[in-house]
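query_9.txt follows; it contains compact mmCIF, C-alpha atoms.
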```
# COMPACT_ATOMS: atom_id res chain seq x y z
CA MET A 106 -9.27 -0.87 -28.90
CA LYS A 107 -12.68 -2.30 -29.65
CA GLN A 108 -14.67 -0.62 -32.36
CA GLY A 109 -17.06 1.91 -30.84
CA CYS A 110 -15.44 2.16 -27.39
CA LEU A 111 -16.01 5.66 -25.98
CA TYR A 112 -14.50 7.62 -23.12
CA GLN A 113 -17.48 9.27 -21.45
CA PRO A 114 -17.09 12.96 -20.50
CA PRO A 115 -16.89 13.51 -16.72
CA LEU A 116 -19.94 14.22 -14.59
CA THR A 117 -19.35 17.80 -13.48
CA GLY A 118 -20.54 20.44 -11.05
CA GLU A 119 -23.91 19.80 -9.44
CA LYS A 120 -24.51 17.03 -11.98
CA ASN A 121 -21.77 14.97 -10.36
CA PHE A 122 -23.86 11.82 -10.16
CA HIS A 123 -26.22 10.11 -12.58
CA LEU A 124 -29.33 8.01 -12.10
CA GLY A 125 -30.95 6.44 -15.13
CA ILE A 126 -32.35 3.31 -16.70
CA SER A 127 -31.26 1.03 -19.52
CA MET A 128 -33.71 -1.30 -21.22
CA SER A 129 -31.47 -2.81 -23.90
CA SER A 130 -27.82 -3.01 -24.90
CA PHE A 131 -25.35 -0.13 -24.72
CA MET A 132 -21.99 0.27 -26.40
CA ASN A 133 -18.58 -0.36 -24.89
CA HIS A 134 -17.35 2.69 -22.97
CA LYS A 135 -15.20 3.92 -20.08
CA HIS A 136 -15.40 6.78 -17.59
CA MET A 137 -13.71 8.02 -14.42
CA GLU A 138 -16.84 7.46 -12.32
CA ILE A 139 -17.80 4.29 -10.45
CA GLU A 140 -20.98 2.66 -11.71
CA ILE A 141 -23.54 0.30 -10.23
CA LEU A 142 -26.01 -1.55 -12.47
CA TYR A 143 -29.00 -3.04 -10.63
CA CYS A 144 -31.32 -5.40 -12.53
CA MET A 145 -34.92 -4.37 -11.81
CA ASP A 146 -36.44 -6.86 -14.25
CA GLY A 147 -35.37 -9.56 -16.68
CA ALA A 148 -31.69 -10.40 -17.07
CA ALA A 149 -28.62 -8.95 -18.76
CA ASN A 150 -25.20 -10.03 -19.94
CA ILE A 151 -22.76 -7.28 -18.98
CA GLU A 152 -19.24 -7.31 -20.35
CA VAL A 153 -16.52 -5.77 -18.16
CA ASN A 154 -12.91 -5.87 -19.33
CA GLU A 155 -13.71 -8.53 -21.92
CA LYS A 156 -15.38 -10.90 -19.45
CA ILE A 157 -19.15 -11.40 -19.52
CA TYR A 158 -21.19 -11.48 -16.30
CA HIS A 159 -24.79 -12.67 -16.20
CA VAL A 160 -26.99 -10.50 -13.96
CA GLU A 161 -30.50 -11.61 -12.95
CA GLN A 162 -33.39 -9.64 -11.44
CA GLY A 163 -32.45 -8.44 -7.95
CA GLU A 164 -28.70 -8.57 -8.62
CA MET A 165 -26.27 -5.71 -9.14
CA LEU A 166 -22.88 -5.37 -10.79
CA PHE A 167 -20.07 -3.01 -9.73
CA VAL A 168 -17.83 -1.24 -12.29
CA ARG A 169 -14.61 0.50 -11.25
CA PRO A 170 -13.29 3.72 -12.84
CA MET A 171 -11.78 3.31 -16.33
CA GLU A 172 -13.09 -0.21 -16.88
CA ALA A 173 -14.51 -0.89 -20.34
CA HIS A 174 -18.08 -2.15 -20.04
CA SER A 175 -21.18 -2.75 -22.14
CA ILE A 176 -24.40 -4.74 -22.26
CA VAL A 177 -24.19 -7.48 -24.86
CA GLY A 178 -26.80 -9.67 -26.52
CA ASP A 179 -30.51 -9.20 -27.05
CA ARG A 180 -31.87 -10.04 -23.61
CA LYS A 181 -34.75 -7.92 -22.37
CA ASN A 182 -33.93 -6.12 -19.15
CA LEU A 183 -34.60 -3.10 -17.02
CA LEU A 184 -31.38 -1.90 -15.41
CA PHE A 185 -31.16 0.90 -12.85
CA VAL A 186 -27.90 2.76 -13.54
CA MET A 187 -26.12 4.72 -10.79
CA GLU A 188 -22.87 6.63 -11.42
CA PHE A 189 -20.85 8.50 -8.78
CA SER A 190 -18.05 10.94 -9.55
CA GLU A 191 -15.13 11.82 -7.31
CA SER A 192 -16.62 15.27 -6.82
CA PHE A 193 -19.78 13.68 -5.37
CA LEU A 194 -18.15 11.28 -2.91
CA GLY A 195 -15.08 13.40 -2.12
CA LYS A 196 -12.22 11.63 -0.35
CA GLU A 197 -14.37 8.52 0.18
CA PHE A 198 -14.18 7.96 -3.59
CA SER A 199 -10.65 6.60 -3.15
CA PHE A 200 -12.05 3.55 -1.33
CA PHE A 201 -14.00 2.49 -4.42
CA LYS A 202 -11.20 3.49 -6.78
CA GLU A 203 -8.21 1.94 -5.03
CA THR A 204 -9.55 -1.13 -3.20
CA ASP A 205 -8.79 -4.31 -5.16
CA PHE A 206 -12.32 -5.76 -5.35
CA THR A 207 -12.64 -9.09 -7.12
CA GLU A 208 -16.37 -9.67 -6.78
CA ARG A 209 -18.56 -8.33 -9.57
CA VAL A 210 -22.13 -9.48 -9.02
CA TYR A 211 -23.97 -9.07 -5.72
CA ARG A 212 -27.52 -9.72 -4.54
CA PRO A 213 -28.23 -6.85 -2.14
CA GLU A 214 -30.70 -7.43 0.68
CA GLY A 215 -32.00 -5.49 3.65
CA LYS A 216 -31.01 -1.83 3.88
CA THR A 217 -28.98 -1.90 0.66
CA LYS A 218 -31.89 -3.16 -1.42
CA GLU A 219 -34.28 -0.78 0.32
CA LEU A 220 -32.09 2.20 -0.60
CA ILE A 221 -31.78 1.08 -4.23
CA LEU A 222 -35.55 0.79 -4.63
CA SER A 223 -36.08 4.12 -2.84
CA LEU A 224 -33.61 5.84 -5.18
CA TYR A 225 -35.28 4.27 -8.20
CA GLY A 226 -38.65 5.60 -7.05
CA MET A 227 -37.31 9.09 -6.34
CA MET A 228 -35.55 9.18 -9.72
CA ASN A 229 -38.89 8.69 -11.47
CA LEU A 230 -40.36 11.62 -9.50
CA ARG A 231 -37.31 13.85 -9.91
CA SER A 232 -37.72 17.46 -10.97
CA ASP A 233 -34.98 20.08 -11.24
CA GLU A 234 -37.34 22.53 -9.54
CA ASP A 235 -38.00 20.27 -6.54
CA LEU A 236 -35.09 21.17 -4.25
CA THR A 237 -36.39 19.08 -1.34
CA LEU A 238 -36.51 15.92 -3.46
CA SER A 239 -33.05 16.66 -4.83
CA TRP A 240 -31.68 16.82 -1.28
CA LYS A 241 -33.43 13.55 -0.40
CA ILE A 242 -31.85 11.86 -3.43
CA ARG A 243 -28.38 13.10 -2.51
CA SER A 244 -28.85 12.03 1.12
CA ALA A 245 -30.00 8.56 0.03
CA LEU A 246 -27.05 8.29 -2.38
CA PHE A 247 -24.55 9.05 0.39
CA GLU A 248 -26.23 6.46 2.62
CA PHE A 249 -26.18 3.94 -0.23
CA ALA A 250 -22.45 4.58 -0.80
CA ALA A 251 -21.85 3.88 2.88
CA VAL A 252 -23.67 0.53 2.91
CA LEU A 253 -22.13 -0.36 -0.46
CA SER A 254 -18.64 0.07 0.94
CA LYS A 255 -19.49 -2.36 3.75
CA MET A 256 -20.82 -4.90 1.25
CA LEU A 257 -17.69 -4.67 -0.88
CA LYS A 258 -15.48 -5.30 2.15
CA GLU A 259 -16.93 -8.78 2.63
CA PRO A 260 -14.80 -11.85 1.82
CA ILE A 261 -14.07 -12.33 -1.88
CA SER A 262 -14.16 -15.50 -3.94
CA ILE A 263 -13.80 -14.68 -7.64
CA PRO A 264 -10.13 -14.40 -8.78
CA LEU A 265 -9.12 -11.11 -10.31
CA GLN A 266 -9.11 -11.31 -14.10
CA THR A 267 -6.03 -10.45 -16.13
CA VAL A 268 -7.08 -8.32 -19.08
CA LYS A 269 -5.08 -8.00 -22.27
CA LYS A 270 -5.49 -4.50 -23.66
CA SER A 271 -4.84 -3.49 -27.24
CA ILE A 272 -2.01 -1.07 -27.96
CA ALA A 273 -4.54 1.65 -28.86
CA GLU A 274 -6.43 1.18 -25.59
CA LYS A 275 -3.21 1.34 -23.58
CA LYS A 276 -2.36 4.63 -25.30
CA MET A 277 -5.76 6.18 -24.53
CA ASP A 278 -5.71 4.95 -20.93
CA ARG A 279 -2.28 6.50 -20.40
CA LEU A 280 -3.55 9.81 -21.75
CA PHE A 281 -6.73 9.93 -19.65
CA LEU A 282 -4.95 8.92 -16.47
CA TYR A 283 -2.25 11.53 -17.14
CA ILE A 284 -4.92 14.22 -17.49
CA HIS A 285 -6.59 13.05 -14.29
CA ASN A 286 -3.33 13.22 -12.32
CA ASN A 287 -1.88 16.42 -13.80
CA LEU A 288 -4.69 18.97 -13.92
CA GLN A 289 -2.59 21.41 -11.91
CA ASN A 290 -0.05 21.52 -14.76
CA GLU A 291 -0.29 22.83 -18.31
CA ILE A 292 -1.52 20.05 -20.60
CA THR A 293 -0.81 20.72 -24.25
CA LEU A 294 -1.44 18.76 -27.43
CA GLN A 295 2.31 18.12 -27.57
CA THR A 296 2.22 16.66 -24.06
CA ALA A 297 -0.82 14.55 -24.98
CA ALA A 298 1.03 13.22 -28.01
CA GLU A 299 4.10 12.34 -25.96
CA VAL A 300 2.08 10.61 -23.23
CA SER A 301 -0.22 8.65 -25.55
CA GLY A 302 2.30 7.84 -28.24
CA TYR A 303 0.10 9.23 -31.01
CA GLU A 304 1.35 11.81 -33.43
CA LYS A 305 0.23 15.32 -32.50
CA LYS A 306 -1.93 15.76 -35.60
CA TYR A 307 -4.02 12.69 -34.66
CA VAL A 308 -4.64 13.48 -30.98
CA CYS A 309 -7.59 15.87 -31.50
CA ARG A 310 -9.37 13.58 -33.94
CA ILE A 311 -8.90 10.45 -31.81
CA PHE A 312 -9.88 12.31 -28.64
CA LYS A 313 -13.12 13.56 -30.22
CA GLU A 314 -13.94 10.06 -31.46
CA HIS A 315 -13.65 8.60 -27.99
CA THR A 316 -15.24 11.35 -25.87
CA GLY A 317 -17.55 13.37 -28.09
CA LEU A 318 -15.64 16.48 -26.95
CA THR A 319 -12.60 18.26 -28.28
CA PHE A 320 -9.35 17.84 -26.39
CA HIS A 321 -9.48 21.29 -24.81
CA LYS A 322 -13.21 21.16 -23.98
CA TYR A 323 -12.75 17.88 -22.13
CA ILE A 324 -9.82 19.20 -20.12
CA ASN A 325 -11.65 22.43 -19.28
CA ALA A 326 -14.73 20.49 -18.16
CA TYR A 327 -12.53 18.30 -15.98
CA ARG A 328 -10.70 21.31 -14.50
CA ILE A 329 -13.97 22.99 -13.55
CA ASP A 330 -15.34 19.76 -12.09
CA ARG A 331 -12.31 19.57 -9.80
CA ALA A 332 -12.61 23.29 -9.05
CA CYS A 333 -16.16 22.72 -7.78
CA VAL A 334 -14.90 19.95 -5.49
CA PHE A 335 -12.25 22.24 -4.02
CA ILE A 336 -14.70 25.14 -3.65
CA ASP A 337 -17.18 22.86 -1.89
CA SER A 338 -14.42 21.77 0.50
CA GLY A 339 -13.89 25.40 1.56
CA LYS A 340 -10.69 26.28 -0.28
CA ASN A 341 -10.30 29.91 -1.36
CA LEU A 342 -10.57 30.70 -5.06
CA SER A 343 -6.93 31.67 -5.55
CA GLU A 344 -5.85 28.28 -4.19
CA VAL A 345 -8.43 26.53 -6.36
CA ARG A 346 -7.09 28.23 -9.49
CA GLU A 347 -3.62 26.86 -8.80
CA LEU A 348 -4.88 23.35 -8.02
CA VAL A 349 -6.74 23.00 -11.32
CA GLY A 350 -4.10 24.53 -13.55
CA LEU A 351 -5.85 27.83 -14.30
CA PRO A 352 -3.81 30.30 -12.20
CA ASP A 353 -4.81 33.37 -14.21
CA GLU A 354 -7.97 34.78 -12.60
CA ARG A 355 -9.55 36.08 -15.82
CA THR A 356 -8.97 32.79 -17.63
CA PHE A 357 -10.35 30.82 -14.69
CA ILE A 358 -13.52 32.93 -14.58
CA ARG A 359 -13.98 32.69 -18.35
CA VAL A 360 -13.65 28.90 -18.41
CA PHE A 361 -15.81 28.50 -15.30
CA VAL A 362 -18.62 30.58 -16.80
CA ALA A 363 -18.42 28.65 -20.07
CA CYS A 364 -18.85 25.36 -18.20
CA LYS A 365 -21.24 26.39 -15.41
CA ASN A 366 -23.06 29.50 -16.66
CA MET A 367 -22.04 31.32 -13.48
CA THR A 368 -18.87 32.79 -12.00
CA PRO A 369 -16.80 30.93 -9.38
CA THR A 370 -17.95 33.44 -6.75
CA GLN A 371 -21.60 32.87 -7.65
CA TYR A 372 -21.08 29.12 -7.43
CA LYS A 373 -19.35 29.46 -4.05
CA ASN A 374 -22.12 31.69 -2.67
CA ARG A 375 -24.86 29.38 -3.93
CA HIS A 376 -23.15 26.36 -2.39
CA GLU A 377 -22.79 28.13 0.96
CA ASN A 378 -26.44 29.22 0.88
CA LYS A 379 -27.53 25.64 0.20
CA LEU A 380 -25.53 24.43 3.18
CA LYS A 381 -27.24 27.03 5.39
CA LEU A 382 -30.69 26.02 4.11
CA TYR A 383 -29.89 22.34 4.62
CA ALA A 384 -28.67 23.02 8.16
CA ALA A 385 -31.86 24.90 8.94
CA THR A 386 -34.17 22.06 7.82
```
In structure tokens, how does this file's structure come out?
Amino acid sequence: MKQGCLYQPPLTGEKNFHLGISMSSFMNHKHMEIEILYCMDGAANIEVNEKIYHVEQGEMLFVRPMEAHSIVGDRKNLLFVMEFSESFLGKEFSFFKETDFTERVYRPEGKTKELILSLYGMMNLRSDEDLTLSWKIRSALFEFAAVLSKMLKEPISIPLQTVKKSIAEKKMDRLFLYIHNNLQNEITLQTAAEVSGYEKKYVCRIFKEHTGLTFHKYINAYRIDRACVFIDSGKNLSEVRELVGLPDERTFIRVFVACKNMTPTQYKNRHENKLKLYAAT
């Protein structure tokens, strides 16, 4: 694996999407979210899976889940960064995750460009206390995801690149994908060692190096992120506990509070109240 490559912790709970800016280079990293990088000004060289793409002002680049990417070189740029987690898009996330896109760089026009610029403007005005603006941002993000899916369905021309991964990167990818697909099961350090191929004593250290979180903190954060998705979809809490691998009620509440600073019931009630307020507006 490349020196400095990180596995970014998941976007969780109500912070299940990210809007931000980048004005210089950033290090090689991966995450389970999809990411769109739109060049507001200047130009950037963006490396994805060891291939470099040149992005000019007015162009955007699409990054799939678990693709290593970074900005390379010293070019001056202003990039608008948008990340969407599975918990934000719900079942529609599978379209972006599973469709075999081969285009990377697009020049959005019309409604797509209008939504990007609107989101950029709202991001600069964003305040955690401004609930109305927060709803507008989420609404615009859903609309943007819809028009983005149409854009990505257009005919393709760039052949899919074959990427040679290092042995270390293959090991880490196996481990993260195993965690993603097996949250309903017990995931131990021994299991992580067997899946990744690392010795048990090295798993915690390597995991912390690549995520910034301990093995168990990352898994707990991921479990609670998925729990929020299931709660939002209307599943009862006992079913949610089973689906995310925390069947014991007391343990589930303890981990949920540690991650969200509220109980699962409080989260469920707050979500339902927000839906009622949104329906009334």
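For the pair atom CA of Ile242 of chain A and atom CA of Met187 of chain A, the separation is 11.7 Å.
Proximity to Met277 of chain A was assessed for A:Gln113, A:Asn378, A:Ser301, A:Asn182 counting all atoms listed in the file; the smallest distance is recorded for A:Ser301.
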Find the smallest box with edges along x, y and z containing every listed atom of segment 369-372 of chain A, then add 3 Å on each side and report centre and edge lengths in Å to one decimal, as JSON.
```
{"center_x": -19.2, "center_y": 31.3, "center_z": -8.1, "size_x": 10.8, "size_y": 10.3, "size_z": 8.6}
```
- Which of these, A:Met227, A:Leu194, A:Phe335, A:Val300, has the shortest distance to Ala251 of chain A once you count only C-alpha atoms?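 Smallest distance to Ala251 of chain A is found for A:Leu194.
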Measuring between all atoms listed in the file, which one of A:Leu166, A:Leu116, A:His123, A:Phe185 shows the shortest distance to Tyr225 of chain A?
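Checking each candidate against Tyr225 of chain A, we get A:Phe185 as the closest.
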Protein and nucleic acid residues near (-18.2, 34.8, -3.5) (cut-off 12 Å, all atoms listed in the file) as a PyMOL selection string
chain A and resi 336+339-343+367-378
Neighbours of Ile141 of chain A within 8 Å (all atoms listed in the file; same-chain residues fewer than 5 positions away dropped), as a PyMOL selection string? chain A and resi 165-168+186-188
Work out how far apart atom CA of Glu152 of chain A and atom CA of Ile176 of chain A are and give it in Å to one decimal.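 For atom CA of Glu152 of chain A relative to atom CA of Ile176 of chain A, the distance reads 6.1 Å.
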May I have the residues within 10 Å of Phe122 of chain A as a ChimeraX atom specification, using only C-alpha atoms and disregarding those fewer than 6 positions away in the same chain? /A:115-116,138-140,187-194,243,246
Selection: 7 Å around segment 215-221 of chain A, all atoms listed in the file, excl. self and same-chain fewer than 6 positions, as JSON, numbers by chain:
{"A": [245, 249, 252]}
Counting only C-alpha atoms, what is within 12 Å of Glu172 of chain A, bar same-chain residues fewer than 3 positions away, as a PDB file with C-alpha atoms, in the coordinates of the input?
```pdb
ATOM      1  CA  CYS A 110     -15.440   2.160 -27.390  1.00  0.00           C
ATOM      2  CA  LEU A 111     -16.010   5.660 -25.980  1.00  0.00           C
ATOM      3  CA  TYR A 112     -14.500   7.620 -23.120  1.00  0.00           C
ATOM      4  CA  GLN A 113     -17.480   9.270 -21.450  1.00  0.00           C
ATOM      5  CA  ASN A 133     -18.580  -0.360 -24.890  1.00  0.00           C
ATOM      6  CA  HIS A 134     -17.350   2.690 -22.970  1.00  0.00           C
ATOM      7  CA  LYS A 135     -15.200   3.920 -20.080  1.00  0.00           C
ATOM      8  CA  HIS A 136     -15.400   6.780 -17.590  1.00  0.00           C
ATOM      9  CA  MET A 137     -13.710   8.020 -14.420  1.00  0.00           C
ATOM     10  CA  GLU A 138     -16.840   7.460 -12.320  1.00  0.00           C
ATOM     11  CA  ILE A 139     -17.800   4.290 -10.450  1.00  0.00           C
ATOM     12  CA  GLU A 140     -20.980   2.660 -11.710  1.00  0.00           C
ATOM     13  CA  GLU A 152     -19.240  -7.310 -20.350  1.00  0.00           C
ATOM     14  CA  VAL A 153     -16.520  -5.770 -18.160  1.00  0.00           C
ATOM     15  CA  ASN A 154     -12.910  -5.870 -19.330  1.00  0.00           C
ATOM     16  CA  GLU A 155     -13.710  -8.530 -21.920  1.00  0.00           C
ATOM     17  CA  LYS A 156     -15.380 -10.900 -19.450  1.00  0.00           C
ATOM     18  CA  PHE A 167     -20.070  -3.010  -9.730  1.00  0.00           C
ATOM     19  CA  VAL A 168     -17.830  -1.240 -12.290  1.00  0.00           C
ATOM     20  CA  ARG A 169     -14.610   0.500 -11.250  1.00  0.00           C
ATOM     21  CA  SER A 175     -21.180  -2.750 -22.140  1.00  0.00           C
ATOM     22  CA  LYS A 202     -11.200   3.490  -6.780  1.00  0.00           C
ATOM     23  CA  VAL A 268      -7.080  -8.320 -19.080  1.00  0.00           C
ATOM     24  CA  LYS A 270      -5.490  -4.500 -23.660  1.00  0.00           C
ATOM     25  CA  GLU A 274      -6.430   1.180 -25.590  1.00  0.00           C
ATOM     26  CA  ASP A 278      -5.710   4.950 -20.930  1.00  0.00           C
TER      27      ASP A 278
END
```
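Closest to Phe200 of chain A among A:Val362, A:Leu348, A:Ala250, A:Ala298 is A:Ala250, based on all atoms listed in the file.
Ranking A:Met228, A:Val308, A:Glu197, A:Glu164 by their shortest atom-to-atom distance to Gly125 of chain A, with all atoms listed in the file included, puts A:Met228 first.
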| query | Which value, in Å to one decimal, gives the distance between atom CA of Pro213 of chain A and atom CA of Gly163 of chain A? | reply |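 For atom CA of Pro213 of chain A relative to atom CA of Gly163 of chain A, the distance reads 7.4 Å.
The protein and nucleic acid residues lying at most 10 Å from Ile157 of chain A are Ala149, Asn150, Ile151, His174, Ser175, Ile176 and Val177 of chain A, with only C-alpha atoms considered and sequence neighbours fewer than 6 positions away removed.
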